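Engineer: Got a structure for you, final03.cif, holding mmCIF, C-alpha atoms.
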data_final
loop_
_atom_site.label_atom_id
_atom_site.label_comp_id
_atom_site.auth_asym_id
_atom_site.auth_seq_id
_atom_site.Cartn_x
_atom_site.Cartn_y
_atom_site.Cartn_z
CA MET A 1 9.91 -1.20 19.24
CA LEU A 2 8.13 1.78 17.75
CA ASN A 3 6.38 4.10 20.20
CA LEU A 4 2.71 4.54 19.32
CA LYS A 5 0.78 7.66 20.26
CA LYS A 6 -1.48 6.86 23.22
CA ASN A 7 -5.24 7.44 23.21
CA ALA A 8 -5.35 8.16 19.48
CA ARG A 9 -8.81 8.13 17.95
CA TRP A 10 -7.52 6.64 14.69
CA ALA A 11 -5.20 3.63 14.64
CA LEU A 12 -4.43 4.27 10.98
CA LEU A 13 -4.95 7.19 8.61
CA VAL A 14 -4.42 7.17 4.83
CA PRO A 15 -4.66 9.95 2.23
CA THR A 16 -5.74 8.50 -1.10
CA SER A 17 -7.21 9.01 -4.55
CA MET A 18 -10.16 6.63 -4.91
CA GLY A 19 -11.18 5.00 -8.16
CA VAL A 20 -12.65 1.82 -9.56
CA ARG A 21 -11.19 -1.26 -11.16
CA ILE A 22 -13.05 -3.14 -13.88
CA THR A 23 -11.98 -6.73 -14.47
CA PRO A 24 -13.13 -9.41 -16.93
CA GLU A 25 -14.52 -12.59 -15.42
CA ASN A 26 -12.67 -15.91 -15.25
CA GLY A 27 -9.22 -14.49 -15.88
CA GLN A 28 -9.99 -13.46 -19.45
CA PRO A 29 -8.21 -10.61 -21.29
CA VAL A 30 -9.85 -7.20 -21.45
CA TYR A 31 -9.83 -6.89 -25.23
CA CYS A 32 -12.01 -9.96 -25.85
CA SER A 33 -14.38 -9.72 -22.87
CA GLU A 34 -17.93 -8.43 -22.66
CA THR A 35 -18.69 -8.93 -18.97
CA PHE A 36 -16.75 -7.07 -16.28
CA LYS A 37 -16.78 -6.82 -12.49
CA MET A 38 -16.40 -3.34 -10.97
CA GLN A 39 -14.86 -2.69 -7.55
CA ALA A 40 -13.76 0.37 -5.58
CA THR A 41 -10.02 0.52 -5.10
CA SER A 42 -6.88 2.43 -4.17
CA ALA A 43 -3.48 1.23 -3.00
CA GLU A 44 -3.76 3.07 0.30
CA THR A 45 -7.20 1.70 1.23
CA ASN A 46 -5.95 -1.75 0.22
CA VAL A 47 -3.36 -1.29 2.98
CA ALA A 48 -5.90 0.03 5.46
CA SER A 49 -8.30 -2.87 4.91
CA ILE A 50 -6.30 -5.27 7.08
CA SER A 51 -6.75 -2.94 10.06
CA SER A 52 -10.38 -2.03 9.35
CA TYR A 53 -11.54 -5.63 8.87
CA LEU A 54 -9.78 -6.60 12.09
CA GLY A 55 -11.60 -3.90 14.03
CA LEU A 56 -9.13 -1.00 14.31
CA PRO A 57 -10.45 2.53 13.63
CA VAL A 58 -9.33 3.74 10.21
CA LYS A 59 -9.76 7.15 8.60
CA VAL A 60 -9.44 7.95 4.89
CA LEU A 61 -8.69 11.43 3.49
CA THR A 62 -9.79 11.75 -0.12
CA ALA A 63 -11.83 13.67 -2.71
CA PHE A 64 -15.18 12.91 -4.35
CA VAL A 65 -16.95 14.27 -7.41
CA ASN A 66 -20.24 15.90 -6.42
CA GLY A 67 -23.29 14.01 -7.65
CA SER A 68 -21.29 11.18 -9.19
CA PRO A 69 -22.78 7.67 -8.97
CA ILE A 70 -19.21 6.34 -8.97
CA ALA A 71 -18.50 8.46 -5.88
CA ASP A 72 -21.60 6.99 -4.24
CA PHE A 73 -20.40 3.49 -5.15
CA ILE A 74 -17.00 4.18 -3.58
CA LYS A 75 -18.51 5.70 -0.41
CA ALA A 76 -20.71 2.63 0.09
CA ASN A 77 -17.69 0.38 -0.34
CA LEU A 78 -15.60 2.28 2.21
CA ARG A 79 -18.45 2.09 4.71
CA SER A 80 -18.75 -1.66 4.10
CA ARG A 81 -15.06 -2.00 4.98
CA GLY A 82 -15.60 -0.17 8.27
CA MET A 83 -13.66 2.93 7.20
CA THR A 84 -14.50 6.52 8.12
CA PHE A 85 -13.77 9.04 5.40
CA GLU A 86 -13.26 12.80 5.30
CA ALA A 87 -13.38 14.22 1.78
CA LYS A 88 -13.32 17.41 -0.23
CA GLN A 89 -16.25 17.66 -2.65
CA VAL A 90 -15.44 18.77 -6.20
CA ASP A 91 -17.96 19.77 -8.85
CA GLN A 92 -17.62 17.74 -12.02
CA GLY A 93 -17.42 20.82 -14.20
CA GLY A 94 -19.21 19.36 -17.22
CA PRO A 95 -18.51 16.27 -19.33
CA TRP A 96 -14.82 17.14 -19.74
CA GLY A 97 -14.26 17.85 -16.07
CA TYR A 98 -13.35 15.70 -13.07
CA ARG A 99 -14.07 12.04 -12.45
CA HIS A 100 -12.77 9.06 -10.49
CA GLN A 101 -9.97 7.13 -12.18
CA PHE A 102 -10.49 3.73 -13.80
CA ASN A 103 -8.05 0.83 -13.54
CA ILE A 104 -8.83 -1.58 -16.38
CA ALA A 105 -7.16 -4.87 -15.57
CA ASP A 106 -7.31 -8.56 -16.22
CA SER A 107 -5.94 -11.11 -13.77
CA GLY A 108 -4.02 -13.16 -16.32
CA PHE A 109 -3.93 -16.93 -16.23
CA GLY A 110 -1.14 -19.50 -16.28
CA VAL A 111 1.43 -18.56 -18.91
CA ARG A 112 -0.46 -15.34 -19.83
CA GLY A 113 0.52 -12.49 -17.55
CA PRO A 114 -1.89 -9.84 -16.22
CA ARG A 115 -2.23 -6.53 -18.04
CA VAL A 116 -3.27 -3.27 -16.37
CA CYS A 117 -4.28 0.03 -17.97
CA ASN A 118 -4.58 2.99 -15.57
CA ASP A 119 -6.89 5.68 -16.94
CA ARG A 120 -6.44 8.72 -14.66
CA ALA A 121 -7.44 11.51 -17.05
CA GLY A 122 -9.40 14.12 -15.10
CA GLY A 123 -8.86 12.24 -11.84
CA VAL A 124 -10.41 14.16 -8.94
CA GLY A 125 -7.72 12.84 -6.58
CA ARG A 126 -5.12 14.98 -8.35
CA THR A 127 -6.79 18.08 -6.87
CA LEU A 128 -6.07 17.08 -3.25
CA ASP A 129 -4.07 19.73 -1.41
CA ALA A 130 -2.79 20.37 2.10
CA GLY A 131 -5.39 23.09 2.59
CA ASP A 132 -8.27 20.64 2.12
CA PHE A 133 -8.00 19.18 5.63
CA ASP A 134 -7.57 20.52 9.15
CA LEU A 135 -4.38 18.66 10.00
CA GLU A 136 -4.10 20.34 13.40
CA ARG A 137 -7.49 18.91 14.37
CA ILE A 138 -6.84 15.48 12.89
CA PHE A 139 -3.40 14.97 14.43
CA GLY A 140 -3.51 17.31 17.41
CA GLU A 141 -7.07 16.81 18.71
CA GLU A 142 -8.31 13.49 17.32
CA GLY A 143 -4.92 11.76 17.31
CA VAL A 144 -3.50 9.18 14.91
CA GLY A 145 -1.39 6.11 15.71
CA ILE A 146 0.12 5.60 12.24
CA VAL A 147 -0.28 7.61 9.05
CA HIS A 148 0.49 5.67 5.90
CA LEU A 149 1.74 7.51 2.81
CA SER A 150 2.20 5.93 -0.59
CA GLY A 151 4.42 7.05 -3.44
CA LEU A 152 1.38 6.73 -5.70
CA ILE A 153 -0.52 9.55 -4.01
CA ALA A 154 2.67 11.57 -3.36
CA ALA A 155 3.56 11.55 -7.07
CA LEU A 156 0.04 12.01 -8.41
CA SER A 157 0.35 15.80 -8.75
CA GLU A 158 2.29 18.72 -7.33
CA SER A 159 -0.53 19.44 -4.87
CA THR A 160 -0.85 15.83 -3.65
CA GLY A 161 2.89 15.85 -3.07
CA ARG A 162 2.53 18.95 -0.86
CA LEU A 163 -0.34 17.23 0.98
CA CYS A 164 1.79 14.18 1.80
CA LEU A 165 4.70 16.31 2.97
CA GLU A 166 2.48 18.48 5.20
CA ILE A 167 0.83 15.35 6.61
CA ALA A 168 4.27 13.95 7.45
CA LYS A 169 5.24 17.20 9.17
CA ALA A 170 1.99 17.31 11.19
CA ALA A 171 2.39 13.67 12.15
CA LYS A 172 5.90 14.22 13.50
CA LYS A 173 4.74 17.31 15.41
CA TYR A 174 2.12 15.28 17.30
CA GLY A 175 3.95 11.99 17.80
CA THR A 176 2.24 9.98 15.05
CA LEU A 177 4.29 7.27 13.36
CA VAL A 178 4.86 7.83 9.63
CA SER A 179 4.87 4.87 7.22
CA PHE A 180 6.05 5.46 3.64
CA ASP A 181 5.72 2.86 0.88
CA LEU A 182 7.70 4.29 -2.04
CA ASN A 183 5.61 2.63 -4.81
CA TYR A 184 7.59 3.90 -7.83
CA ARG A 185 5.64 4.30 -11.09
CA ALA A 186 7.66 5.33 -14.15
CA SER A 187 4.70 7.07 -15.83
CA PHE A 188 4.22 9.33 -12.78
CA TRP A 189 7.90 10.26 -12.64
CA LYS A 190 8.52 10.99 -16.33
CA GLY A 191 9.95 14.51 -16.64
CA ARG A 192 9.61 15.09 -12.87
CA GLU A 193 12.60 13.12 -11.60
CA GLU A 194 14.33 16.02 -9.81
CA GLU A 195 11.11 17.37 -8.26
CA LEU A 196 9.90 13.98 -7.03
CA GLY A 197 13.34 12.82 -5.91
CA LYS A 198 13.55 15.80 -3.57
CA LEU A 199 9.98 15.32 -2.33
CA PHE A 200 10.38 11.60 -1.65
CA SER A 201 13.64 12.21 0.19
CA GLU A 202 11.95 14.80 2.41
CA ILE A 203 9.10 12.42 3.25
CA ALA A 204 11.49 9.51 3.80
CA GLY A 205 13.53 11.67 6.16
CA ARG A 206 10.44 12.09 8.35
CA SER A 207 9.39 8.43 8.19
CA ASP A 208 9.54 5.83 10.95
CA ILE A 209 8.72 2.92 8.62
CA LEU A 210 10.17 2.67 5.10
CA ILE A 211 8.89 0.07 2.64
CA GLY A 212 9.84 -0.64 -0.95
CA ASN A 213 11.33 -3.15 -3.34
CA GLU A 214 14.73 -2.90 -4.99
CA GLU A 215 13.36 -0.76 -7.85
CA ASP A 216 11.60 1.61 -5.43
CA PHE A 217 14.68 2.35 -3.35
CA GLN A 218 16.88 2.81 -6.40
CA LEU A 219 14.60 4.98 -8.50
CA CYS A 220 12.89 7.01 -5.74
CA LEU A 221 15.78 7.57 -3.36
CA GLY A 222 18.87 6.81 -5.44
CA ILE A 223 19.91 3.91 -3.20
CA LYS A 224 22.01 1.24 -4.88
CA GLY A 225 19.97 -1.95 -5.25
CA PRO A 226 20.85 -5.65 -4.97
CA GLU A 227 23.72 -7.03 -7.03
CA ALA A 228 22.75 -8.66 -10.31
CA GLY A 229 23.11 -12.40 -10.65
CA GLY A 230 21.71 -15.47 -8.99
CA ARG A 231 19.03 -17.68 -10.43
CA ASN A 232 16.46 -16.94 -7.73
CA LEU A 233 15.65 -14.52 -4.94
CA SER A 234 17.14 -16.69 -2.21
CA ASP A 235 20.55 -16.27 -3.85
CA LYS A 236 20.21 -12.49 -3.55
CA LEU A 237 19.11 -12.18 0.10
CA ASP A 238 22.45 -10.80 1.25
CA SER A 239 22.25 -8.14 -1.47
CA PHE A 240 18.78 -7.14 -0.29
CA LYS A 241 20.10 -6.79 3.24
CA GLU A 242 22.98 -4.65 2.00
CA MET A 243 20.48 -2.42 0.18
CA ILE A 244 18.44 -1.94 3.36
CA GLU A 245 21.65 -1.10 5.25
CA ARG A 246 22.31 1.65 2.69
CA VAL A 247 18.76 2.95 3.14
CA ARG A 248 19.23 2.93 6.92
CA GLU A 249 22.46 4.90 6.61
CA ALA A 250 20.79 7.48 4.36
CA TYR A 251 17.65 7.78 6.55
CA PRO A 252 18.74 7.18 10.15
CA ALA A 253 15.51 8.53 11.68
CA ALA A 254 13.59 5.48 10.43
CA THR A 255 13.29 2.42 12.66
CA LEU A 256 11.59 -0.27 10.59
CA PHE A 257 12.61 -1.20 7.04
CA ALA A 258 10.88 -3.84 4.93
CA THR A 259 10.72 -5.24 1.44
CA THR A 260 8.77 -8.06 -0.15
CA LEU A 261 10.40 -10.72 -2.31
CA ARG A 262 8.42 -12.05 -5.27
CA GLN A 263 9.48 -14.47 -7.99
CA VAL A 264 6.85 -15.25 -10.63
CA ILE A 265 6.83 -18.89 -11.76
CA ASN A 266 3.63 -18.30 -13.73
CA THR A 267 0.63 -16.04 -13.27
CA ASN A 268 -0.94 -18.29 -10.67
CA GLU A 269 2.16 -19.55 -8.86
CA HIS A 270 4.63 -17.23 -7.16
CA LEU A 271 7.44 -17.53 -4.66
CA TRP A 272 6.66 -15.04 -1.88
CA GLY A 273 9.07 -13.87 0.80
CA ALA A 274 10.06 -10.81 2.84
CA VAL A 275 12.96 -9.07 4.56
CA MET A 276 12.60 -6.75 7.56
CA PHE A 277 15.11 -4.87 9.70
CA ASP A 278 14.20 -3.40 13.09
CA ALA A 279 16.84 -0.80 13.95
CA SER A 280 15.60 -0.47 17.54
CA ALA A 281 16.55 -4.10 18.20
CA GLU A 282 19.31 -4.39 15.57
CA CYS A 283 17.36 -7.42 14.36
CA TRP A 284 16.92 -8.96 10.90
CA GLU A 285 13.88 -11.07 10.08
CA VAL A 286 13.74 -13.01 6.81
CA ILE A 287 11.10 -15.22 5.23
CA GLU A 288 12.67 -17.21 2.41
CA PRO A 289 10.49 -17.15 -0.72
CA GLU A 290 8.02 -20.03 -0.71
CA PRO A 291 5.27 -21.06 -3.14
CA ILE A 292 1.82 -19.47 -2.98
CA ARG A 293 -1.16 -19.92 -5.32
CA VAL A 294 -2.36 -16.66 -6.85
CA PRO A 295 -5.82 -16.11 -8.39
CA ASP A 296 -5.09 -12.34 -8.68
CA ARG A 297 -1.77 -10.74 -7.78
CA ILE A 298 -2.97 -7.12 -7.51
CA GLY A 299 -2.85 -5.95 -3.90
CA GLY A 300 -0.39 -8.50 -2.55
CA GLY A 301 2.21 -5.88 -1.68
CA ASP A 302 -0.45 -3.65 -0.14
CA GLY A 303 -1.65 -6.59 1.95
CA PHE A 304 1.90 -7.07 3.25
CA VAL A 305 2.10 -3.40 4.27
CA GLY A 306 -1.37 -3.60 5.80
CA GLY A 307 -0.38 -6.58 7.92
CA LEU A 308 2.86 -4.86 8.97
CA LEU A 309 1.05 -1.71 10.14
CA TYR A 310 -1.68 -3.68 11.88
CA GLY A 311 1.02 -5.64 13.68
CA VAL A 312 2.82 -2.46 14.77
CA ASN A 313 -0.48 -1.10 16.11
CA ARG A 314 -1.02 -4.35 18.01
CA GLY A 315 2.49 -4.41 19.47
CA PHE A 316 3.82 -7.31 17.39
CA ASP A 317 7.55 -7.38 16.77
CA GLY A 318 10.28 -9.63 15.43
CA LYS A 319 9.20 -12.87 13.79
CA LYS A 320 5.55 -12.45 14.75
CA LEU A 321 5.43 -9.10 12.95
CA ILE A 322 6.99 -10.23 9.67
CA ASP A 323 5.02 -13.50 9.69
CA PHE A 324 1.78 -11.55 10.04
CA ALA A 325 2.76 -9.12 7.27
CA TRP A 326 3.87 -11.92 4.92
CA ALA A 327 0.65 -13.87 5.53
CA SER A 328 -1.54 -10.77 5.03
CA GLY A 329 0.08 -10.21 1.63
CA ALA A 330 -0.30 -13.87 0.68
CA MET A 331 -3.94 -13.73 1.77
CA ALA A 332 -4.64 -10.65 -0.38
CA THR A 333 -3.63 -12.58 -3.51
CA THR A 334 -6.36 -15.15 -2.79
CA PHE A 335 -9.11 -12.49 -3.13
CA LEU A 336 -10.52 -11.12 -6.36
CA THR A 337 -10.82 -7.73 -4.68
CA ASP A 338 -7.58 -5.74 -4.52
CA TYR A 339 -7.56 -6.12 -0.74
CA ALA A 340 -7.74 -8.94 1.80
CA GLN A 341 -10.86 -9.27 3.95
CA PRO A 342 -9.73 -11.23 7.02
CA CYS A 343 -12.43 -12.37 9.42
CA ASP A 344 -10.06 -12.47 12.41
CA GLU A 345 -6.37 -12.48 13.36
CA ASP A 346 -6.29 -16.25 13.61
CA GLN A 347 -7.13 -16.64 9.92
CA ILE A 348 -3.94 -14.75 9.02
CA ILE A 349 -1.88 -16.51 11.68
CA GLN A 350 -2.89 -19.91 10.28
CA ILE A 351 -1.67 -18.81 6.84
CA ALA A 352 1.66 -17.87 8.42
CA ASN A 353 1.75 -21.31 10.05
CA GLY A 354 1.08 -23.05 6.73
CA ASN A 355 -2.20 -24.47 8.02
CA ALA A 356 -4.85 -24.60 5.29
CA ARG A 357 -6.90 -27.34 6.93
CA VAL A 358 -10.63 -26.89 7.26
CA LYS A 359 -11.77 -25.15 10.45
CA ARG A 360 -15.10 -26.43 11.75
#
Could you take the file, read its structure, and then write that structure out as structure tokens?

Structural biologist:
Amino acid sequence: MLNLKKNARWALLVPTSMGVRITPENGQPVYCSETFKMQATSAETNVASISSYLGLPVKVLTAFVNGSPIADFIKANLRSRGMTFEAKQVDQGGPWGYRHQFNIADSGFGVRGPRVCNDRAGGVGRTLDAGDFDLERIFGEEGVGIVHLSGLIAALSESTGRLCLEIAKAAKKYGTLVSFDLNYRASFWKGREEELGKLFSEIAGRSDILIGNEEDFQLCLGIKGPEAGGRNLSDKLDSFKEMIERVREAYPAATLFATTLRQVINTNEHLWGAVMFDASAECWEVIEPEPIRVPDRIGGGDGFVGGLLYGVNRGFDGKKLIDFAWASGAMATTFLTDYAQPCDEDQIIQIANGNARVKR
């Protein structure tokens, strides 16, 4: 079991770069659509949504562009999700200055896969720095149960990388658990492999919870991934376990290790599974990949992490913990937002139990 900080004001804290996603209606491609839905989004707040919708206190550290209607849109969305935010305010600096990033994405349909274009030019989140927040107050006075760091925000810029590392150091100083989802993105790492490899290793070395898929562990931390071969994920489970054992050996301070398993049959039908190792109990938990229906896949992995961290905060362990995380991820793929919006714990538990019957 992981030891949570007692009497913390915030169950979960996430640093993030907020933006918006615009998506064509009815699963249509971007290039031939005229009507789009806009939503506020970030990987880290996708994670935090499981906790905030289920009533735990969540705090977001971010940056906003002064006077921007997009910033106002994002603030209203975070409030609607029950999240408190603390943010640096940045002047736009004219038409060529700062803004909030746009993710332009369709959901795909059937045999046509989704396509995503991330437009981060001038992104205000890239300006985030360790000096923007009073970490001594946040961790030492207010108190935080778990801080969740993502490889997306860590790799966004040199200054966001420093922010994540300083947050991890402050968290360890004050007994806050550190969760790190590696979230490798090739475009972020291009030409920065040595710099980011060192940074990610430093953060991972201070983490209590390490999350990533086979690509993440290989490309971020240099850990050998699963053996090639096998027609499906179930055939490779032993290789995934061996990979996690290698991660555990390289980062012995961590206690909980997890990875999702996803096999795409078509855009709207996936096989969804998970592997988790709890070093404190020397216990493996595995959910063999099983079919789920997917209106929109974006946010499924974040939902899994969100369910895992909510479960840790609630004292879940073993099978109950991985079931809750797996079901939270599966639930996220049923929403057209990038994040799940559970109404209560039981809704997620019934997904884990395979019960989709009507509740009256």

Engineer: Smallest atom-to-atom distance to Leu210 in chain A: which of A:Leu271, A:Leu308, A:Val30, A:Val286, using only C-alpha atoms?

Structural biologist: A:Leu308

Engineer: Decode the PyMOL selection byres ((chain A and resi 246) around 12) for the given file into explicit residues and return them as a list in words.

Structural biologist: Glu214, Phe217, Gln218, Leu221, Gly222, Ile223, Lys224, Gly225, Pro226, Ser239, Phe240, Lys241, Glu242, Met243, Ile244, Glu245, Val247, Arg248, Glu249, Ala250, Tyr251, Pro252, Phe257 and Phe277 of chain A

Engineer: Would you write out, as a list in words, every residue that the PyMOL selection byres ((chain A and resi 163) around 8) captures in this file?

Structural biologist: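 Taken on the displayed file, the PyMOL selection byres ((chain A and resi 163) around 8) yields the residues Leu128, Asp129, Ala130, Gly131, Ala154, Ser159, Thr160, Gly161, Arg162, Cys164, Leu165, Glu166 and Ile167 of chain A.
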
Engineer: Using all atoms listed in the file, pick whichever of A:Asn26, A:Thr337, A:Thr127, A:Ser207 has the shortest atom-to-atom distance to Phe64 in chain A.

Structural biologist: A:Thr127

Engineer: Per residue of range 12-126 of chain A within 9 Å of range 258-268 of chain A, what are the shortest atom pair and its distance in Å to one decimal, counting only C-alpha atoms, with rows by chain and residue number, as JSON lines?

Structural biologist:
{"residue": "A:Ser107", "atom": "CA", "partner": "A:Thr267", "partner_atom": "CA", "distance": 8.2}
{"residue": "A:Gly108", "atom": "CA", "partner": "A:Thr267", "partner_atom": "CA", "distance": 6.3}
{"residue": "A:Phe109", "atom": "CA", "partner": "A:Thr267", "partner_atom": "CA", "distance": 5.5}
{"residue": "A:Gly110", "atom": "CA", "partner": "A:Thr267", "partner_atom": "CA", "distance": 4.9}
{"residue": "A:Val111", "atom": "CA", "partner": "A:Asn266", "partner_atom": "CA", "distance": 5.6}
{"residue": "A:Arg112", "atom": "CA", "partner": "A:Thr267", "partner_atom": "CA", "distance": 6.7}
{"residue": "A:Gly113", "atom": "CA", "partner": "A:Thr267", "partner_atom": "CA", "distance": 5.6}
{"residue": "A:Pro114", "atom": "CA", "partner": "A:Thr267", "partner_atom": "CA", "distance": 7.3}

Engineer: Check the smallest atom-to-atom distance from each of A:Glu215, A:Glu290, A:Glu193, A:Asp302 to Leu233 in chain A using only C-alpha atoms, then report the winner.

Structural biologist: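 Checking each of A:Glu215, A:Glu290, A:Glu193, A:Asp302 against Leu233 in chain A, counting only C-alpha atoms, the winner is A:Glu290.
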
Engineer: Just checking: using all atoms listed in the file, which residue out of A:Pro342, A:Gly143, A:Gly93, A:Gly27 ends up closest to Gly175 in chain A?

Structural biologist: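 For Gly175 in chain A, the nearest of the given residues is A:Gly143.
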
Engineer: Please identify all polymer residues within 12 Å of Gly311 in chain A, counting all atoms listed in the file, omitting same-chain residues fewer than 2 positions from it, and present them as a PyMOL selection string.

Structural biologist: chain A and resi 1-2+4+11-12+50-51+54+56+146+304-309+313-328+345+348-349

Engineer: List the residues matched by the PyMOL selection byres ((chain A and resi 57) around 9) in the displayed structure as a VMD selection string, ordered by chain and then by residue number.

Structural biologist: chain A and resid 9 to 13 51 to 52 55 to 56 58 to 59 82 to 84

Engineer: How many Å lie between CA of Ser150 in chain A and CA of Ala281 in chain A, rounded to one decimal?

Structural biologist: 25.7 Å

Engineer: Go through A:Thr334, A:Asn7, A:Thr62, A:Ser157 and flag the residue nearest Val144 in chain A, using only C-alpha atoms for the distances.

Structural biologist: A:Asn7

Engineer: Of the candidates A:Glu194, A:Glu141, A:Asp119, A:Asp91, which shows the shortest atom-to-atom distance to Asn103 in chain A, using only C-alpha atoms?

Structural biologist: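 Comparing A:Glu194, A:Glu141, A:Asp119, A:Asp91 against Asn103 in chain A, the winner is A:Asp119.
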
Engineer: CA of Val147 in chain A and CA of Asn77 in chain A, how far apart in Å?

Structural biologist: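 That distance, rounded to one decimal, is 21.1 Å.
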
Engineer: Which distance in Å separates CA of Met276 in chain A and CA of Val60 in chain A, to one decimal?

Structural biologist: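 Computed distance, CA of Met276 in chain A to CA of Val60 in chain A, equals 26.6 Å.
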
Engineer: Neighbours of Gly123 in chain A within 6 Å (only C-alpha atoms; same-chain residues fewer than 3 positions away dropped), as a list in words?

Structural biologist: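 Here the answer would be Tyr98, Arg99, His100, Gln101, Arg120 and Arg126 of chain A.
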
Engineer: Identify, on the basis of all atoms listed in the file, every residue whose closest approach to Tyr174 in chain A does not exceed 8 Å; exclude the query and any residue fewer than 2 positions from it along the same chain; express the result as a list in words.

Structural biologist: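 Residues meeting the cut-off are Phe139, Gly140, Gly143, Ala170, Ala171, Lys172 and Thr176 of chain A.
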
Engineer: Need to verify the contact set: range 66-69 of chain A, 7 Å, only C-alpha atoms, exclusion of same-chain residues closer than 2 positions in sequence. Can you return it as a ChimeraX atom specification?

Structural biologist: /A:64,71-73,89-92
